[in-house]
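Source file query25.cif; content: mmCIF, C-alpha atoms.
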```cif
data_start
#
loop_
_atom_site.group_PDB
_atom_site.id
_atom_site.type_symbol
_atom_site.label_atom_id
_atom_site.label_comp_id
_atom_site.auth_asym_id
_atom_site.auth_seq_id
_atom_site.Cartn_x
_atom_site.Cartn_y
_atom_site.Cartn_z
ATOM 1 C CA MET C 322 -9.156 -0.147 10.585
ATOM 2 C CA LEU C 323 -5.568 -0.721 11.630
ATOM 3 C CA ASP C 324 -3.061 -1.738 8.951
ATOM 4 C CA ALA C 325 -0.481 -3.959 10.654
ATOM 5 C CA ALA C 326 2.059 -3.193 7.927
ATOM 6 C CA GLY C 327 2.531 0.322 9.306
ATOM 7 C CA ALA C 328 1.536 -0.173 12.943
ATOM 8 C CA SER C 329 3.645 -0.305 16.082
ATOM 9 C CA TRP C 330 3.132 -2.807 18.888
ATOM 10 C CA GLU C 331 1.459 -0.065 20.928
ATOM 11 C CA ASP C 332 -1.002 0.591 18.096
ATOM 12 C CA VAL C 333 -1.862 -3.117 17.953
ATOM 13 C CA SER C 334 -2.176 -3.370 21.735
ATOM 14 C CA ALA C 335 -4.633 -0.468 21.848
ATOM 15 C CA ALA C 336 -6.642 -1.937 18.974
ATOM 16 C CA ILE C 337 -6.843 -5.343 20.671
ATOM 17 C CA ALA C 338 -8.193 -3.651 23.793
ATOM 18 C CA ARG C 339 -11.082 -2.364 21.675
ATOM 19 C CA GLY C 340 -11.992 -5.965 20.808
ATOM 20 C CA LEU C 341 -11.138 -6.194 17.125
ATOM 21 C CA VAL C 342 -10.832 -9.150 14.760
ATOM 22 C CA ALA C 343 -7.959 -9.730 12.331
ATOM 23 C CA VAL C 344 -8.280 -10.001 8.555
ATOM 24 C CA LEU C 345 -5.711 -12.147 6.715
ATOM 25 C CA PRO C 346 -5.430 -12.122 2.896
ATOM 26 C CA VAL C 347 -4.099 -15.370 1.415
ATOM 27 C CA GLY C 348 -2.881 -15.296 -2.170
ATOM 28 C CA ALA C 349 -0.506 -17.135 -4.474
ATOM 29 C CA VAL C 350 2.484 -16.642 -6.757
ATOM 30 C CA GLU C 351 1.393 -18.164 -10.040
ATOM 31 C CA GLN C 352 1.025 -17.451 -13.722
ATOM 32 C CA HIS C 353 -1.940 -15.416 -14.957
ATOM 33 C CA GLY C 354 -1.395 -15.352 -18.684
ATOM 34 C CA ALA C 355 0.852 -12.884 -20.473
ATOM 35 C CA HIS C 356 -1.053 -9.784 -19.372
ATOM 36 C CA LEU C 357 -1.283 -10.154 -15.572
ATOM 37 C CA PRO C 358 1.489 -10.392 -12.939
ATOM 38 C CA LEU C 359 2.415 -13.464 -10.924
ATOM 39 C CA LEU C 360 1.106 -11.837 -7.741
ATOM 40 C CA THR C 361 -2.409 -11.293 -9.122
ATOM 41 C CA ASP C 362 -4.103 -13.479 -6.501
ATOM 42 C CA THR C 363 -2.216 -11.804 -3.656
ATOM 43 C CA VAL C 364 -2.970 -8.292 -4.921
ATOM 44 C CA MET C 365 -6.675 -9.104 -5.276
ATOM 45 C CA ALA C 366 -6.956 -10.813 -1.888
ATOM 46 C CA THR C 367 -5.211 -7.866 -0.236
ATOM 47 C CA GLY C 368 -7.461 -5.340 -1.965
ATOM 48 C CA VAL C 369 -10.626 -7.156 -0.937
ATOM 49 C CA ALA C 370 -9.294 -7.739 2.597
ATOM 50 C CA ARG C 371 -8.593 -4.014 2.969
ATOM 51 C CA ARG C 372 -12.188 -3.153 2.085
ATOM 52 C CA ILE C 373 -13.395 -5.746 4.581
ATOM 53 C CA ALA C 374 -11.086 -4.509 7.353
ATOM 54 C CA GLU C 375 -12.263 -0.950 6.730
ATOM 55 C CA GLY C 376 -15.875 -2.059 6.974
ATOM 56 C CA CYS C 377 -15.501 -4.038 10.215
ATOM 57 C CA ASP C 378 -12.799 -1.917 11.905
ATOM 58 C CA GLY C 379 -10.439 -4.879 11.770
ATOM 59 C CA LEU C 380 -6.713 -5.459 11.976
ATOM 60 C CA LEU C 381 -5.476 -5.893 8.403
ATOM 61 C CA LEU C 382 -2.581 -8.355 8.419
ATOM 62 C CA PRO C 383 0.160 -8.561 5.773
ATOM 63 C CA ALA C 384 -0.798 -11.111 3.127
ATOM 64 C CA LEU C 385 0.404 -14.659 2.921
ATOM 65 C CA ALA C 386 1.747 -14.171 -0.590
ATOM 66 C CA TYR C 387 2.428 -17.837 -1.412
ATOM 67 C CA GLY C 388 -0.237 -20.517 -1.754
ATOM 68 C CA ASP C 389 -0.904 -24.023 -3.008
ATOM 69 C CA ALA C 390 -0.468 -23.405 -6.743
ATOM 70 C CA TRP C 391 0.491 -26.933 -7.815
ATOM 71 C CA THR C 392 -1.970 -26.889 -10.734
ATOM 72 C CA THR C 393 -0.083 -24.062 -12.493
ATOM 73 C CA GLU C 394 3.467 -25.310 -11.984
ATOM 74 C CA GLY C 395 3.631 -26.055 -15.706
ATOM 75 C CA TRP C 396 4.302 -22.355 -16.343
ATOM 76 C CA ALA C 397 7.431 -20.399 -15.396
ATOM 77 C CA GLY C 398 7.149 -18.152 -12.356
ATOM 78 C CA THR C 399 4.717 -20.232 -10.337
ATOM 79 C CA LEU C 400 6.005 -21.019 -6.842
ATOM 80 C CA SER C 401 3.846 -23.291 -4.718
ATOM 81 C CA LEU C 402 3.619 -24.234 -1.059
ATOM 82 C CA SER C 403 2.572 -27.713 -0.040
ATOM 83 C CA PRO C 404 -0.953 -27.897 1.404
ATOM 84 C CA GLU C 405 0.552 -28.866 4.762
ATOM 85 C CA THR C 406 2.882 -25.850 4.819
ATOM 86 C CA LEU C 407 0.035 -23.472 4.007
ATOM 87 C CA ARG C 408 -2.238 -25.045 6.600
ATOM 88 C CA ARG C 409 0.423 -24.804 9.277
ATOM 89 C CA SER C 410 1.181 -21.188 8.334
ATOM 90 C CA VAL C 411 -2.441 -20.132 8.799
ATOM 91 C CA GLU C 412 -2.631 -22.096 12.052
ATOM 92 C CA ASP C 413 0.548 -20.482 13.402
ATOM 93 C CA ILE C 414 -0.734 -17.002 12.591
ATOM 94 C CA GLY C 415 -4.072 -17.805 14.208
ATOM 95 C CA ARG C 416 -2.456 -19.120 17.379
ATOM 96 C CA GLY C 417 -0.303 -16.001 17.582
ATOM 97 C CA LEU C 418 -3.370 -13.784 17.276
ATOM 98 C CA MET C 419 -5.184 -15.796 19.935
ATOM 99 C CA ARG C 420 -2.193 -15.439 22.270
ATOM 100 C CA MET C 421 -2.305 -11.642 21.815
ATOM 101 C CA GLY C 422 -5.978 -11.448 22.670
ATOM 102 C CA VAL C 423 -7.439 -10.842 19.195
ATOM 103 C CA ARG C 424 -11.074 -11.971 19.237
ATOM 104 C CA GLY C 425 -11.136 -13.889 15.953
ATOM 105 C CA LEU C 426 -9.709 -14.267 12.455
ATOM 106 C CA VAL C 427 -11.227 -13.693 9.017
ATOM 107 C CA THR C 428 -9.263 -15.193 6.113
ATOM 108 C CA VAL C 429 -9.777 -13.773 2.623
ATOM 109 C CA ASN C 430 -8.705 -16.351 0.079
ATOM 110 C CA GLY C 431 -7.700 -15.272 -3.415
ATOM 111 C CA HIS C 432 -6.727 -18.637 -4.889
ATOM 112 C CA PHE C 433 -8.758 -21.817 -5.413
ATOM 113 C CA GLY C 434 -5.967 -24.196 -4.384
ATOM 114 C CA ASN C 435 -5.817 -22.636 -0.913
ATOM 115 C CA ARG C 436 -9.349 -23.581 0.058
ATOM 116 C CA GLU C 437 -8.755 -26.961 1.660
ATOM 117 C CA PRO C 438 -5.603 -25.994 3.621
ATOM 118 C CA ILE C 439 -7.318 -22.875 5.000
ATOM 119 C CA SER C 440 -10.438 -24.844 5.889
ATOM 120 C CA LEU C 441 -8.398 -27.417 7.795
ATOM 121 C CA ALA C 442 -6.488 -24.679 9.612
ATOM 122 C CA ALA C 443 -9.777 -23.026 10.543
ATOM 123 C CA ARG C 444 -11.022 -26.331 11.951
ATOM 124 C CA ALA C 445 -7.920 -26.774 14.105
ATOM 125 C CA LEU C 446 -8.108 -23.211 15.412
ATOM 126 C CA SER C 447 -11.813 -23.547 16.114
ATOM 127 C CA GLU C 448 -11.146 -26.675 18.159
ATOM 128 C CA ALA C 449 -8.564 -24.650 20.104
ATOM 129 C CA GLY C 450 -11.261 -22.090 20.936
ATOM 130 C CA PHE C 451 -10.342 -19.410 18.364
ATOM 131 C CA PRO C 452 -13.162 -18.401 15.965
ATOM 132 C CA VAL C 453 -12.206 -18.343 12.274
ATOM 133 C CA LEU C 454 -14.347 -17.323 9.308
ATOM 134 C CA HIS C 455 -12.831 -18.374 5.978
ATOM 135 C CA LEU C 456 -14.141 -16.432 2.982
ATOM 136 C CA ASP C 457 -13.713 -17.239 -0.717
ATOM 137 C CA TYR C 458 -14.997 -14.115 -2.465
ATOM 138 C CA PRO C 459 -18.675 -14.662 -1.566
ATOM 139 C CA ARG C 460 -21.169 -13.860 -4.377
ATOM 140 C CA LEU C 461 -18.358 -13.986 -6.955
ATOM 141 C CA GLU C 462 -20.314 -16.094 -9.453
ATOM 142 C CA ALA C 463 -23.496 -14.028 -9.173
ATOM 143 C CA LEU C 464 -21.586 -10.766 -9.536
ATOM 144 C CA ALA C 465 -19.618 -12.085 -12.527
ATOM 145 C CA ALA C 466 -22.833 -13.140 -14.255
ATOM 146 C CA GLU C 467 -24.307 -9.697 -13.623
ATOM 147 C CA LEU C 468 -21.319 -7.496 -14.487
ATOM 148 C CA MET C 469 -19.192 -9.297 -17.087
ATOM 149 C CA ASP C 470 -19.713 -9.379 -20.844
ATOM 150 C CA SER C 471 -17.749 -12.565 -21.520
ATOM 151 C CA LYS C 472 -18.611 -16.071 -20.428
ATOM 152 C CA PRO C 473 -16.410 -18.013 -17.987
ATOM 153 C CA ALA C 474 -14.305 -20.832 -19.404
ATOM 154 C CA GLY C 475 -16.014 -23.249 -17.031
ATOM 155 C CA PRO C 476 -18.632 -23.103 -14.279
ATOM 156 C CA GLY C 477 -17.217 -21.084 -11.404
ATOM 157 C CA PHE C 478 -13.777 -21.015 -13.058
ATOM 158 C CA TYR C 479 -12.178 -17.549 -13.207
ATOM 159 C CA HIS C 480 -8.483 -17.282 -14.025
ATOM 160 C CA ALA C 481 -6.760 -14.459 -15.912
ATOM 161 C CA ASP C 482 -10.146 -13.732 -17.509
ATOM 162 C CA GLU C 483 -12.420 -10.690 -17.576
ATOM 163 C CA VAL C 484 -13.172 -11.018 -13.843
ATOM 164 C CA GLU C 485 -9.610 -11.099 -12.571
ATOM 165 C CA THR C 486 -8.365 -8.613 -15.147
ATOM 166 C CA SER C 487 -11.104 -6.148 -14.173
ATOM 167 C CA MET C 488 -10.269 -6.486 -10.490
ATOM 168 C CA MET C 489 -6.585 -5.898 -11.229
ATOM 169 C CA LEU C 490 -7.417 -2.850 -13.340
ATOM 170 C CA ALA C 491 -9.245 -1.474 -10.302
ATOM 171 C CA LEU C 492 -6.508 -2.347 -7.794
ATOM 172 C CA ALA C 493 -3.170 -2.188 -9.641
ATOM 173 C CA PRO C 494 -3.680 -0.912 -13.208
ATOM 174 C CA GLU C 495 0.031 -0.273 -13.679
ATOM 175 C CA THR C 496 0.667 -4.043 -13.575
ATOM 176 C CA VAL C 497 -1.847 -4.956 -16.306
ATOM 177 C CA ARG C 498 -0.687 -5.315 -19.925
ATOM 178 C CA MET C 499 -3.902 -5.154 -21.931
ATOM 179 C CA ASP C 500 -1.881 -5.117 -25.170
ATOM 180 C CA ARG C 501 -0.967 -8.732 -24.351
ATOM 181 C CA ALA C 502 -4.475 -9.849 -23.395
ATOM 182 C CA ARG C 503 -5.671 -12.782 -25.486
ATOM 183 C CA PRO C 504 -8.635 -15.142 -25.007
ATOM 184 C CA GLU C 505 -8.462 -18.888 -24.629
ATOM 185 C CA TYR C 506 -11.362 -21.249 -24.006
ATOM 186 C CA PRO C 507 -9.772 -24.666 -23.522
ATOM 187 C CA GLU C 508 -11.722 -27.875 -23.538
ATOM 188 C CA PHE C 509 -11.775 -29.225 -20.000
ATOM 189 C CA PRO C 510 -10.966 -32.971 -19.823
ATOM 190 C CA GLU C 511 -13.824 -35.178 -18.713
ATOM 191 C CA LEU C 512 -11.896 -36.197 -15.594
ATOM 192 C CA PHE C 513 -11.109 -32.600 -14.573
ATOM 193 C CA GLY C 514 -11.954 -32.197 -10.908
ATOM 194 C CA SER C 515 -12.004 -35.939 -10.317
ATOM 195 C CA GLU C 516 -8.234 -36.516 -10.326
ATOM 196 C CA PRO C 517 -5.128 -34.347 -9.759
ATOM 197 C CA MET C 518 -4.406 -32.479 -12.979
ATOM 198 C CA LYS C 519 -2.123 -29.620 -13.964
ATOM 199 C CA LEU C 520 -3.821 -26.949 -16.057
ATOM 200 C CA SER C 521 -0.994 -26.827 -18.603
ATOM 201 C CA ALA C 522 -2.105 -30.282 -19.751
ATOM 202 C CA PHE C 523 -4.977 -28.690 -21.677
ATOM 203 C CA ASN C 524 -4.220 -24.940 -21.796
ATOM 204 C CA THR C 525 -1.360 -23.153 -23.563
ATOM 205 C CA SER C 526 -1.642 -19.458 -22.624
ATOM 206 C CA GLY C 527 -2.623 -19.684 -18.964
ATOM 207 C CA VAL C 528 -5.793 -17.690 -19.700
ATOM 208 C CA PHE C 529 -9.217 -19.220 -19.120
ATOM 209 C CA GLY C 530 -11.817 -17.052 -20.827
ATOM 210 C CA ASP C 531 -11.603 -13.633 -22.473
ATOM 211 C CA PRO C 532 -9.883 -10.791 -20.592
ATOM 212 C CA ARG C 533 -10.339 -8.197 -23.358
ATOM 213 C CA PRO C 534 -13.685 -6.701 -22.198
ATOM 214 C CA ALA C 535 -12.256 -6.014 -18.727
ATOM 215 C CA SER C 536 -12.495 -2.565 -17.153
ATOM 216 C CA ALA C 537 -11.636 -0.907 -13.856
ATOM 217 C CA GLU C 538 -15.296 0.018 -13.389
ATOM 218 C CA LYS C 539 -16.337 -3.639 -13.552
ATOM 219 C CA GLY C 540 -13.523 -4.547 -11.184
ATOM 220 C CA GLU C 541 -14.571 -1.934 -8.660
ATOM 221 C CA ALA C 542 -18.163 -3.202 -8.770
ATOM 222 C CA MET C 543 -16.918 -6.763 -8.221
ATOM 223 C CA ILE C 544 -14.786 -5.763 -5.242
ATOM 224 C CA ALA C 545 -17.572 -3.681 -3.694
ATOM 225 C CA GLY C 546 -20.070 -6.522 -4.061
ATOM 226 C CA ILE C 547 -17.728 -9.138 -2.613
ATOM 227 C CA ALA C 548 -16.815 -6.866 0.312
ATOM 228 C CA ALA C 549 -20.467 -6.097 1.055
ATOM 229 C CA GLU C 550 -21.417 -9.777 1.201
ATOM 230 C CA SER C 551 -18.311 -10.546 3.252
ATOM 231 C CA LEU C 552 -19.272 -7.901 5.802
ATOM 232 C CA ARG C 553 -22.767 -9.338 6.037
ATOM 233 C CA LEU C 554 -21.334 -12.780 6.801
ATOM 234 C CA ILE C 555 -18.864 -11.314 9.290
ATOM 235 C CA SER C 556 -21.728 -9.630 11.140
ATOM 236 C CA LEU C 557 -23.537 -12.961 11.439
ATOM 237 C CA TRP C 558 -20.335 -14.703 12.554
ATOM 238 C CA ARG C 559 -19.522 -12.076 15.169
ATOM 239 C CA GLY C 560 -23.042 -12.263 16.516
ATOM 240 C CA LYS C 561 -22.853 -16.028 16.800
ATOM 241 C CA HIS C 562 -19.565 -15.921 18.735
ATOM 242 C CA GLY C 563 -20.248 -12.757 20.706
ATOM 243 C CA ILE C 564 -17.319 -10.872 19.214
#
```
So, in terms of structure tokens, how does the structure I just supplied come out?
Amino acid sequence: MLDAAGASWEDVSAAIARGLVAVLPVGAVEQHGAHLPLLTDTVMATGVARRIAEGCDGLLLPALAYGDAWTTEGWAGTLSLSPETLRRSVEDIGRGLMRMGVRGLVTVNGHFGNREPISLAARALSEAGFPVLHLDYPRLEALAAELMDSKPAGPGFYHADEVETSMMLALAPETVRMDRARPEYPEFPELFGSEPMKLSAFNTSGVFGDPRPASAEKGEAMIAGIAAESLRLISLWRGKHGI
């Protein structure tokens, strides 16, 4: 693996000559309750992306730290990009990699709101002849069901809960304030998911679920499982595109 954050242009040039792919973490700056930092999604995406880059001998890019976090703008600290800005940012990075001769791009998304902009960017880059694989923590739900003691607040909905708190305890324990961890299981409105809706309309703490049973061991198991499935998908993708 080559970490672009500490690499020179000569390091990158030599790595490109070996035929590597790039790995881009995409996070967000948004609230995660009183016990987790605003950069939780970016820290997690970077941690998972590093494991993936290590496993596929990839070029680990610096994270896109901001994302489309419109749904959590009701809480202080959240800073959101428009979907168009995020899409264009991923496209610009992809086109730069293609110009350099990188063989393809793997995006590692750490925030739900980023999914559509990344997908649209991947489509545009694919049409330009640059392969992109966009990953959203594959096997997350199955791993959460297997490893966590608490139930999610909603189907497939993990935010400042046991899952994310465990992953942060594994990646950046110094940023986690377990003394502030409190559960909240809000009632999701019937129209949730069918119309634009900010989460503060039906949640007060910013926590969805119960973070208190979290542990670093659970977080490490989550990260390892997600990385393993990601590497399996990357192998299939590289085989398909001959990269």
Worksheet item: Smallest atom-to-atom distance to Met488 (chain C): which of C:Val369, C:Ile555, C:Ala397, C:Leu382, using all atoms listed in the file?
Response: C:Val369
Discussion item. Given the PyMOL selection byres ((chain C and resi 339) around 12) and the file above, list the residues it selects as a PyMOL selection string.
Written reply: chain C and resi 322-323+332-338+340-342+378-380+422-424+564
Worksheet item: Taking into account all atoms listed in the file, which residue in the set C:Val344, C:Ser536, C:Gly475, C:Val429 is nearest to Phe513 (chain C)?
Response: C:Gly475
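With distances taken from (0.1, -9.0, -23.8) and restricted to all atoms listed in the file, the residues inside 9 Å are Gly354, Ala355, His356, Leu357, Val497, Arg498, Met499, Asp500, Arg501, Ala502 and Arg503 of chain C.
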Worksheet item: Interatomic distance between CA of Pro504 (chain C) and CA of Leu456 (chain C)?
Response: 28.6 Å
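When all atoms listed in the file are used to compute distances to Gly348 (chain C), the closest of the residues C:Arg444, C:Arg559, C:His432, C:His480 turns out to be C:His432.
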Worksheet item: C:Ser487, C:Thr392, C:Ser403, C:Thr428: which is nearest Met518 (chain C), counting all atoms listed in the file?
Response: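 The shortest atom-to-atom distance to Met518 (chain C) comes from C:Thr392.
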Worksheet item: Mind telling me what the PyMOL selection byres ((chain C and resi 349) around 6) catches here, as number ranges by chain?
Response: C: 348, 350-351, 362-363, 386-388
Output C-alpha atoms for every residue in the selection just made, as a JSON list (two decimals), in the frame of the given file.
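Final output, saved to part_25.json:
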```json
[["chain", "number", "residue", "atom", "x", "y", "z"],
["C", 348, "GLY", "CA", -2.88, -15.30, -2.17],
["C", 350, "VAL", "CA", 2.48, -16.64, -6.76],
["C", 351, "GLU", "CA", 1.39, -18.16, -10.04],
["C", 362, "ASP", "CA", -4.10, -13.48, -6.50],
["C", 363, "THR", "CA", -2.22, -11.80, -3.66],
["C", 386, "ALA", "CA", 1.75, -14.17, -0.59],
["C", 387, "TYR", "CA", 2.43, -17.84, -1.41],
["C", 388, "GLY", "CA", -0.24, -20.52, -1.75]]
```
Worksheet item: Skipping near chain neighbours, those fewer than 2 positions away, what residues fall within 7 Å of Gly425 (chain C) using only C-alpha atoms, listed as a ChimeraX atom specification?
Response: /C:342-343,423,427,451-453
Worksheet item: Could you write out as a list in words the residues that the PyMOL selection byres ((chain C and resi 474) around 8) matches in the shown file?
Response: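 That selection, the PyMOL selection byres ((chain C and resi 474) around 8), comes back as Lys472, Pro473, Gly475, Pro476, Phe478, Tyr479, Tyr506, Pro507, Phe529 and Gly530 of chain C.
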Practice prompt. Please check which residues have atoms at most 7 Å from (-20.0, -18.4, -9.8) in the file's coordinates, counting all atoms listed in the file, and write them as a list in words.
Written response: Leu461, Glu462, Ala463, Ala465, Pro476 and Gly477 of chain C
Would you mind exporting C-alpha atoms of the selected residues as a PDB file, in the frame of the given file?
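Generated output (again_11.pdb):
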```
ATOM      1  CA  LEU C 461     -18.358 -13.986  -6.955  1.00  0.00           C
ATOM      2  CA  GLU C 462     -20.314 -16.094  -9.453  1.00  0.00           C
ATOM      3  CA  ALA C 463     -23.496 -14.028  -9.173  1.00  0.00           C
ATOM      4  CA  ALA C 465     -19.618 -12.085 -12.527  1.00  0.00           C
ATOM      5  CA  PRO C 476     -18.632 -23.103 -14.279  1.00  0.00           C
ATOM      6  CA  GLY C 477     -17.217 -21.084 -11.404  1.00  0.00           C
TER       7      GLY C 477
END
```
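Reported to one decimal place, the separation of CA of Val347 (chain C) from CA of Asn430 (chain C) is 4.9 Å.
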Serialized region 393-406 of chain C w/ N, CA, C and O atoms as a short mmCIF file (atom, residue, chain, number, x, y, z; two decimals), in the first residue's frame:
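Here's the written file selection_1.cif:
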```cif
data_model
loop_
_atom_site.label_atom_id
_atom_site.label_comp_id
_atom_site.auth_asym_id
_atom_site.auth_seq_id
_atom_site.Cartn_x
_atom_site.Cartn_y
_atom_site.Cartn_z
N THR C 393 -28.84 16.14 8.95
CA THR C 393 -28.47 16.42 10.34
C THR C 393 -28.11 17.89 10.57
O THR C 393 -27.48 18.23 11.56
N GLU C 394 -28.55 18.75 9.67
CA GLU C 394 -28.25 20.18 9.83
C GLU C 394 -29.01 20.81 11.00
O GLU C 394 -28.73 21.96 11.35
N GLY C 395 -29.92 20.09 11.61
CA GLY C 395 -30.63 20.61 12.76
C GLY C 395 -29.79 20.66 14.02
O GLY C 395 -30.22 21.23 15.03
N TRP C 396 -28.60 20.07 13.99
CA TRP C 396 -27.70 20.08 15.14
C TRP C 396 -26.47 20.91 14.82
O TRP C 396 -25.97 20.92 13.68
N ALA C 397 -25.95 21.61 15.84
CA ALA C 397 -24.74 22.42 15.68
C ALA C 397 -23.56 21.55 15.27
O ALA C 397 -23.43 20.41 15.71
N GLY C 398 -22.70 22.10 14.43
CA GLY C 398 -21.48 21.41 14.03
C GLY C 398 -21.56 20.76 12.67
O GLY C 398 -20.54 20.61 12.00
N THR C 399 -22.75 20.38 12.24
CA THR C 399 -22.90 19.74 10.94
C THR C 399 -22.64 20.75 9.83
O THR C 399 -23.20 21.83 9.81
N LEU C 400 -21.78 20.36 8.89
CA LEU C 400 -21.48 21.17 7.71
C LEU C 400 -21.66 20.29 6.48
O LEU C 400 -21.01 19.24 6.37
N SER C 401 -22.52 20.69 5.58
CA SER C 401 -22.93 19.82 4.48
C SER C 401 -22.56 20.40 3.12
O SER C 401 -22.65 21.61 2.90
N LEU C 402 -22.15 19.51 2.22
CA LEU C 402 -21.99 19.87 0.82
C LEU C 402 -23.29 19.59 0.09
O LEU C 402 -24.05 18.68 0.46
N SER C 403 -23.53 20.31 -0.99
CA SER C 403 -24.66 19.97 -1.84
C SER C 403 -24.34 18.66 -2.57
O SER C 403 -23.17 18.33 -2.79
N PRO C 404 -25.37 17.89 -2.94
CA PRO C 404 -25.10 16.67 -3.70
C PRO C 404 -24.29 16.92 -4.96
O PRO C 404 -23.42 16.13 -5.32
N GLU C 405 -24.56 18.04 -5.64
CA GLU C 405 -23.84 18.36 -6.87
C GLU C 405 -22.36 18.62 -6.59
O GLU C 405 -21.49 18.17 -7.35
N THR C 406 -22.06 19.34 -5.51
CA THR C 406 -20.67 19.62 -5.17
C THR C 406 -19.92 18.33 -4.86
O THR C 406 -18.78 18.13 -5.32
#
```
